[in-house]
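Visitor: Have a look at this one.
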Amino acid sequence: MTTQTAHADDHHHEAPKGLARWLFTTNHKEIGSLYLIFSLAMFLVGGAMAMIIRAELFSPGLQLVNPEFFNQMTTMHALVMIFGAVMPAFVGLANWMVPMMIGAPDMALPRMNNWSFWILPFAFLMLLSTLFMPSGAPASGWTLYPPLSLQGGNSFAFVIFAIHLMGISSIMGAINIIATILNMRAPGMTLLRMPLFVWTWLITAFLLIAVMPVLAGAVTMLLTDRFFDTSFFNAAGGGDPVMYQHIFWFFGHPEVYIMILPAFGIISEIIPTFSRKPLFGYTAMVYATASIAFLSFIVWAHHMFTVGMPLGASLFFMYATMIIAVPTGIKVFNWVSTMWRGSMTFETPMLFAIAFVILFTIGGLSGVMLAIVPADFQYHDTYFVVAHFHYVLVTGAVFAIMAAAYYWLPKWTGHMYDERLGKIHFWWSTISVNVLFFPQHYLGLAGMPRRIPDYAVQFAEFNMISSIGGFAFGLAQLLFVYIVIKCVRGGEKATAQVWEGARGLEWTVPSPAPLHTFDTPPLVDDSLEHKDRLPS
Amino acid sequence: MKRTNEMIVGLAMVAVISVITWALFAVGDNMTPGVTPFSKDVYQLHMIILGIVTVIGVLVFAAMFTSIYLHRKSRGAKAAQFTHSTKAEVTWTVIPILILVVMAVPATQVLIDMEDTSGAELNVKVTGYQWLWEYEYIEDEIQFYSALDRDSNYARQIGATRDPREVENYLLEVDKRVVLPTDTRIRFLLTSNDVIHSWWVPDLGWKRDAIPGMVNEAWTLIEEPGIYRGQCTELCGKDHGFMPVVIEAVTPEEYRAWVDSQKAEMAANDNAAERTWTRDELMTLGADVYAAQCASCHQGDGSGLEPAFPALAGSAVTVGAIEDHIDLIMNGRPGTAMAGFGQRLAAEDIAAALTYTRNAFGNETGDMVQPMRILKLKNGVVEGGVADTGPAGL
């Protein structure tokens, strides 16, 4: 390429090739792809751990792994899935889509964007390396409750350092997203014209900045308790193990919404597209998201009703938790109203979005049950809870990510994915995931505690069913990997708009989206069908 | 016409989804109503709330599937373009709030009742250990440990020859049950000696965490005699799945008889440490103590689980200097999972375990430790303040 052609808005000057291109890239689309590929890899690693868990639980008795390794698997499965699969997937989607949705040329802080991604592979290399250390991977559950977590060996220091790195990465990512959304919107893209995915991510980013430092503080105290003889959480030294739980869940509950608010955004993009009808109650959706985010800060202790709290505290956290059902309900009602009297078609993204609404709602309803303190005394730390949070995280967050992947793959690759395989993947996943998780409600109610490697024989049947569902669900995701690779390599050419009912700036650029879009900001006005999003 | 259609399909959807939901409830397990006033309240609360959320779910899903069925492009549906309705938003904000209030009122009443632990006729202190429970009857001055029973313990090992399905109450049986009187208001004081555990018997209707450095309270009143089984429900390390709780509820008369028999047994054992024991006696008792206290880490055959839990077969400790071995068992090893048993076990139990481990697994040192030697040390521990080496579990 000659210097004459590499002019003005063509940034191809000295673009490195090969590995260096990816190492040094500051392009939001390339970094978005890196995040998504990394997330998919971690999804498979965490999934493999889940397969080990379900294989051991296939029948009563210990067959495959010893209890210590089983505990390492449950702990690592959660850490890898939360910090390695779900969160980076959403950051990857934000990287790809937020600038295109608001008409910005790139993220506000491109170099920091590069750094916040490239921290992650090293953080997870460190976390996963503990599996091969003499004292093994962490085995105290992803919550790392002391004093149990402090019984771990020296590998614990690597775990904590890895968590610190993940936190730094998340905070930088969040700062970048806020800076981008607040400063780089195209002219006319007012806040209340922004697509809901952008709104939910803006709010999520504030949650991240608020709580990741709290997690960092909590695990740092664990570090000094373990290695430097402090007694923050050591009762024998005047510390308080319950204090850790309060601090952890002050991070942990907003974290739950960090993993679901962007999913709400994705669903709010997809349902209108395939219903060929504007999102119902846009403004209410924005306020509901903000309310959920606010409430997430004042409900943390519902994770610990059994630690023995004063009556007043239990009542406060019960009521506050129940109130979350109201804004969440508003969201579900608005999605259903968006479909109502639309003109629906059911391509794979829409199928995943519909499954999300149904299955996330099931998880939400069991969440209301868990909020009821006296009943929680029975549900707490049983498989009922396991079923609940897998409904909101797998059929919630992960299904939304799947929906997003199918929805935007044509925009990313320029090819349509294989619709027939996509539908097979959807039905296979949806049926197997319910075989996997629905029986776990029964197991919990019948009295099976979580995090046990072996169980009494009356739990055998439902565990076997659950495991069969688990293996089938795991296998289905290999099909997903194949579909993605196939789509990247080729397929029917995608148009710019891709979907008949798609609205928004990202569908005005060609497919695949060129490396640089909106170098000249588009002018956003009501003609882009955003008028329906304005408050009346 | 359109509205009529929507009504008809909607009702059909409600019917179909209700049948599916009913089937899901029919095939599955449900929470136990339990045997205490509290557990029955909780069960009722659970059923009310399950009912409410089920109805909400059925209605929402029915509306959704009605739309999916009728408003599809392939049926020639034309998209309406309405975008919001303040009336609708207010409706589906207010109605859920009212439903939540309906749920919150009984929940609050039941909780207030649970939190009132006054008026106890019997106090039982429960202490969690990795991985067994200790029970102390405060009024009756009875104390014992309760660990997974031996049959379950054999069957649960990797490569075990026993099939768990052939073990009665696999993983839900202990070597010594907690005997409690019915129709008596019993207060539990829960704490832990090492990490956080959680004490749960579903038939009592609650679980409560046992936390080191804290004493939690909870109460119960068992209405029917019977055997009620539960488990530890807070991850407490590798054998978290293997520390069951088994309650044997008997009538108050039977309970008194049990207390008397326990006291007689304790009296008989009172001076056990002061006599000279034979090798066979020590080995027999030692095998029992080893199975209950040591085998979960060091394994039944003394092979250990390296690196955290060293092998005892041919180890430097079990065939080395006897003084060091005794010191390790009495005081534990700080910075590892090895707890000190000097406070926890009777002198004869410690002596027997020492004798057993020095002669089992091919160790064959021929050593024998008399309970008297341990008893002197134990008294020394109290008088001489050797406990300054730090609290166990550090």
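All residue names refer to the structure tokens as shown: chains lettered A, B, ... in order, residues numbered from 1 in each chain, ligands numbered from 1 in order.
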Write out as an NGL selection string each polymer residue whose atoms come within 9 Å of segment 508-521 of chain A, counting only C-alpha atoms; drop sequence neighbours fewer than 6 positions from it.

Guide: :A and (9-11 or 27-30 or 99-100 or 103-106 or 185-187 or 409-415 or 493-498)

Visitor: Using only C-alpha atoms, select each residue of chain A with any atom at most 7 Å away from an atom of chain B, and give the selection as a PyMOL selection string.

Guide: chain A and resi 60-63+67-68+71+134+140+147-148+235-236+276-281+306-308+311+322+326+330+336+339-345+358+365+369+372+374-375+377-378+381+442+445-447+449+451-457+532

Visitor: What's the separation between atom CA of Leu196 of chain A and atom CA of Ile102 of chain A, in Å to one decimal place?

Guide: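 Separation between atom CA of Leu196 of chain A and atom CA of Ile102 of chain A: 11.1 Å.
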
Visitor: For atom CA of Arg54 of chain A and atom CA of Gly469 of chain A, determine how far apart the two atoms are, in Å to one decimal place.

Guide: 9.4 Å

Visitor: If you count only C-alpha atoms, which residues fall within 8 Å of Val14 of chain B, apart from same-chain ones fewer than 3 positions away, as a PyMOL selection string?

Guide: chain B and resi 10-11+17-18+58-59+62

Visitor: Generate the output file for the selected residues, N, CA, C and O atoms, as a PDB file, in the first residue's frame.

Guide:
ATOM      1  N   GLY B  10     -55.318 -17.243  24.572  1.00  0.00           N
ATOM      2  CA  GLY B  10     -54.743 -16.983  25.899  1.00  0.00           C
ATOM      3  C   GLY B  10     -55.221 -18.010  26.915  1.00  0.00           C
ATOM      4  O   GLY B  10     -54.414 -18.572  27.661  1.00  0.00           O
ATOM      5  N   LEU B  11     -56.515 -18.262  26.919  1.00  0.00           N
ATOM      6  CA  LEU B  11     -57.051 -19.240  27.878  1.00  0.00           C
ATOM      7  C   LEU B  11     -56.502 -20.625  27.599  1.00  0.00           C
ATOM      8  O   LEU B  11     -56.134 -21.361  28.522  1.00  0.00           O
ATOM      9  N   ILE B  17     -50.108 -24.492  29.889  1.00  0.00           N
ATOM     10  CA  ILE B  17     -48.967 -24.237  30.780  1.00  0.00           C
ATOM     11  C   ILE B  17     -49.287 -24.718  32.197  1.00  0.00           C
ATOM     12  O   ILE B  17     -48.408 -25.235  32.899  1.00  0.00           O
ATOM     13  N   SER B  18     -50.544 -24.591  32.605  1.00  0.00           N
ATOM     14  CA  SER B  18     -50.914 -25.088  33.939  1.00  0.00           C
ATOM     15  C   SER B  18     -50.695 -26.598  34.028  1.00  0.00           C
ATOM     16  O   SER B  18     -50.199 -27.090  35.040  1.00  0.00           O
ATOM     17  N   VAL B  58     -47.329 -18.578  35.208  1.00  0.00           N
ATOM     18  CA  VAL B  58     -48.259 -19.137  34.216  1.00  0.00           C
ATOM     19  C   VAL B  58     -48.903 -18.019  33.396  1.00  0.00           C
ATOM     20  O   VAL B  58     -48.974 -18.095  32.167  1.00  0.00           O
ATOM     21  N   LEU B  59     -49.330 -16.936  34.071  1.00  0.00           N
ATOM     22  CA  LEU B  59     -49.995 -15.846  33.349  1.00  0.00           C
ATOM     23  C   LEU B  59     -49.041 -15.154  32.378  1.00  0.00           C
ATOM     24  O   LEU B  59     -49.392 -14.890  31.219  1.00  0.00           O
ATOM     25  N   ALA B  62     -48.242 -17.475  29.526  1.00  0.00           N
ATOM     26  CA  ALA B  62     -49.410 -17.651  28.656  1.00  0.00           C
ATOM     27  C   ALA B  62     -49.556 -16.444  27.728  1.00  0.00           C
ATOM     28  O   ALA B  62     -49.795 -16.601  26.522  1.00  0.00           O
TER      29      ALA B  62
END

Visitor: Calculate how many Å separate atom CA of Ala85 of chain A from atom CA of Ala41 of chain A, rounding to one decimal.

Guide: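 So the answer is 7.8 Å.
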
Visitor: Pick out each residue of segment 217-340 of chain B that DSSP on the backbone tags as helix (DSSP H, G or I); I need them as a PyMOL selection string.

Guide: chain B and resi 240-242+252-270+272-274+279-298+322-331

Visitor: Select, from A:Ala218, A:His164, A:Tyr379, A:Phe117, the residue with the minimum atom-to-atom distance to Ser33 of chain A, counting only C-alpha atoms.

Guide: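 Residue with the minimum atom-to-atom distance to Ser33 of chain A: A:Phe117.
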
Visitor: Met330 of chain B: which residues within 9 Å, counting only C-alpha atoms, same-chain residues fewer than 6 positions away excluded, as a PyMOL selection string?

Guide: chain B and resi 339-343+350+374+377-378

Visitor: Keeping only all heavy atoms, write the selected residues as a PDB file, in the first residue's frame.

Guide:
ATOM      1  N   ALA B 339      -5.115 -30.806  63.899  1.00  0.00           N
ATOM      2  CA  ALA B 339      -5.592 -30.155  65.120  1.00  0.00           C
ATOM      3  C   ALA B 339      -4.974 -30.854  66.331  1.00  0.00           C
ATOM      4  O   ALA B 339      -4.501 -31.984  66.239  1.00  0.00           O
ATOM      5  CB  ALA B 339      -7.105 -30.240  65.180  1.00  0.00           C
ATOM      6  N   GLY B 340      -4.979 -30.169  67.486  1.00  0.00           N
ATOM      7  CA  GLY B 340      -4.548 -30.790  68.734  1.00  0.00           C
ATOM      8  C   GLY B 340      -5.730 -31.508  69.373  1.00  0.00           C
ATOM      9  O   GLY B 340      -6.845 -30.982  69.398  1.00  0.00           O
ATOM     10  N   PHE B 341      -5.491 -32.693  69.855  1.00  0.00           N
ATOM     11  CA  PHE B 341      -6.598 -33.468  70.428  1.00  0.00           C
ATOM     12  C   PHE B 341      -6.537 -33.514  71.953  1.00  0.00           C
ATOM     13  O   PHE B 341      -7.344 -34.174  72.585  1.00  0.00           O
ATOM     14  CB  PHE B 341      -6.605 -34.888  69.853  1.00  0.00           C
ATOM     15  CG  PHE B 341      -7.050 -34.932  68.420  1.00  0.00           C
ATOM     16  CD1 PHE B 341      -6.136 -34.710  67.402  1.00  0.00           C
ATOM     17  CD2 PHE B 341      -8.372 -35.149  68.092  1.00  0.00           C
ATOM     18  CE1 PHE B 341      -6.549 -34.714  66.077  1.00  0.00           C
ATOM     19  CE2 PHE B 341      -8.786 -35.164  66.781  1.00  0.00           C
ATOM     20  CZ  PHE B 341      -7.874 -34.945  65.759  1.00  0.00           C
ATOM     21  N   GLY B 342      -5.570 -32.809  72.545  1.00  0.00           N
ATOM     22  CA  GLY B 342      -5.370 -32.861  73.989  1.00  0.00           C
ATOM     23  C   GLY B 342      -6.602 -32.455  74.778  1.00  0.00           C
ATOM     24  O   GLY B 342      -6.920 -33.033  75.816  1.00  0.00           O
ATOM     25  N   GLN B 343      -7.328 -31.468  74.275  1.00  0.00           N
ATOM     26  CA  GLN B 343      -8.521 -31.001  74.971  1.00  0.00           C
ATOM     27  C   GLN B 343      -9.756 -31.795  74.551  1.00  0.00           C
ATOM     28  O   GLN B 343     -10.749 -31.824  75.243  1.00  0.00           O
ATOM     29  CB  GLN B 343      -8.789 -29.522  74.631  1.00  0.00           C
ATOM     30  CG  GLN B 343      -7.597 -28.622  74.723  1.00  0.00           C
ATOM     31  CD  GLN B 343      -7.375 -28.122  76.132  1.00  0.00           C
ATOM     32  OE1 GLN B 343      -8.283 -28.140  76.957  1.00  0.00           O
ATOM     33  NE2 GLN B 343      -6.164 -27.676  76.429  1.00  0.00           N
ATOM     34  N   ILE B 350      -6.857 -41.091  73.429  1.00  0.00           N
ATOM     35  CA  ILE B 350      -5.589 -40.648  72.837  1.00  0.00           C
ATOM     36  C   ILE B 350      -4.552 -41.762  72.940  1.00  0.00           C
ATOM     37  O   ILE B 350      -3.851 -42.081  71.962  1.00  0.00           O
ATOM     38  CB  ILE B 350      -5.092 -39.369  73.540  1.00  0.00           C
ATOM     39  CG1 ILE B 350      -6.075 -38.219  73.272  1.00  0.00           C
ATOM     40  CG2 ILE B 350      -3.689 -39.000  73.064  1.00  0.00           C
ATOM     41  CD1 ILE B 350      -5.765 -36.952  74.045  1.00  0.00           C
ATOM     42  N   ILE B 374      -0.994 -40.188  79.419  1.00  0.00           N
ATOM     43  CA  ILE B 374      -1.684 -39.075  78.763  1.00  0.00           C
ATOM     44  C   ILE B 374      -2.437 -38.235  79.784  1.00  0.00           C
ATOM     45  O   ILE B 374      -2.458 -36.999  79.718  1.00  0.00           O
ATOM     46  CB  ILE B 374      -2.669 -39.609  77.690  1.00  0.00           C
ATOM     47  CG1 ILE B 374      -1.936 -40.503  76.697  1.00  0.00           C
ATOM     48  CG2 ILE B 374      -3.362 -38.457  76.966  1.00  0.00           C
ATOM     49  CD1 ILE B 374      -0.846 -39.819  75.896  1.00  0.00           C
ATOM     50  N   LEU B 377      -0.218 -35.832  81.392  1.00  0.00           N
ATOM     51  CA  LEU B 377       0.077 -34.737  80.460  1.00  0.00           C
ATOM     52  C   LEU B 377      -1.101 -33.788  80.360  1.00  0.00           C
ATOM     53  O   LEU B 377      -0.944 -32.565  80.341  1.00  0.00           O
ATOM     54  CB  LEU B 377       0.371 -35.299  79.071  1.00  0.00           C
ATOM     55  CG  LEU B 377       1.806 -35.747  78.813  1.00  0.00           C
ATOM     56  CD1 LEU B 377       1.885 -36.452  77.472  1.00  0.00           C
ATOM     57  CD2 LEU B 377       2.742 -34.547  78.832  1.00  0.00           C
ATOM     58  N   LYS B 378      -2.295 -34.370  80.279  1.00  0.00           N
ATOM     59  CA  LYS B 378      -3.508 -33.539  80.151  1.00  0.00           C
ATOM     60  C   LYS B 378      -3.629 -32.610  81.340  1.00  0.00           C
ATOM     61  O   LYS B 378      -3.905 -31.416  81.197  1.00  0.00           O
ATOM     62  CB  LYS B 378      -4.757 -34.422  80.046  1.00  0.00           C
ATOM     63  CG  LYS B 378      -5.094 -34.846  78.639  1.00  0.00           C
ATOM     64  CD  LYS B 378      -6.304 -35.737  78.610  1.00  0.00           C
ATOM     65  CE  LYS B 378      -7.581 -34.944  78.639  1.00  0.00           C
ATOM     66  NZ  LYS B 378      -8.226 -34.896  77.316  1.00  0.00           N
TER      67      LYS B 378
END

Visitor: With a distance cut-off of 9 Å and only C-alpha atoms, select the neighbouring residues of Met112 of chain A, excluding the residue or stretch itself and same-chain residues fewer than 4 positions from it, and output the selection as an MDAnalysis selection string.

Guide: chainID A and resid 26 116:117 172:173 176

Visitor: Using N, CA and C atoms, can you write the selected residues to a file as a PDB file, in the first residue's frame?

Guide:
ATOM      1  N   THR A  26      -5.264  -1.312  19.065  1.00  0.00           N
ATOM      2  CA  THR A  26      -6.048  -0.396  19.897  1.00  0.00           C
ATOM      3  C   THR A  26      -7.429  -0.211  19.282  1.00  0.00           C
ATOM      4  N   SER A 116      -6.417  -3.443  29.270  1.00  0.00           N
ATOM      5  CA  SER A 116      -7.406  -4.117  30.116  1.00  0.00           C
ATOM      6  C   SER A 116      -7.719  -5.498  29.553  1.00  0.00           C
ATOM      7  N   PHE A 117      -7.620  -5.681  28.226  1.00  0.00           N
ATOM      8  CA  PHE A 117      -7.776  -7.053  27.748  1.00  0.00           C
ATOM      9  C   PHE A 117      -6.558  -7.901  28.062  1.00  0.00           C
ATOM     10  N   MET A 172     -10.715  -0.856  34.540  1.00  0.00           N
ATOM     11  CA  MET A 172     -10.277  -0.091  33.365  1.00  0.00           C
ATOM     12  C   MET A 172     -11.303  -0.190  32.256  1.00  0.00           C
ATOM     13  N   GLY A 173     -11.838  -1.396  32.051  1.00  0.00           N
ATOM     14  CA  GLY A 173     -12.865  -1.574  31.036  1.00  0.00           C
ATOM     15  C   GLY A 173     -14.072  -0.691  31.320  1.00  0.00           C
ATOM     16  N   ASN A 176     -13.446   2.982  30.666  1.00  0.00           N
ATOM     17  CA  ASN A 176     -13.439   3.201  29.227  1.00  0.00           C
ATOM     18  C   ASN A 176     -14.856   3.299  28.676  1.00  0.00           C
TER      19      ASN A 176
END
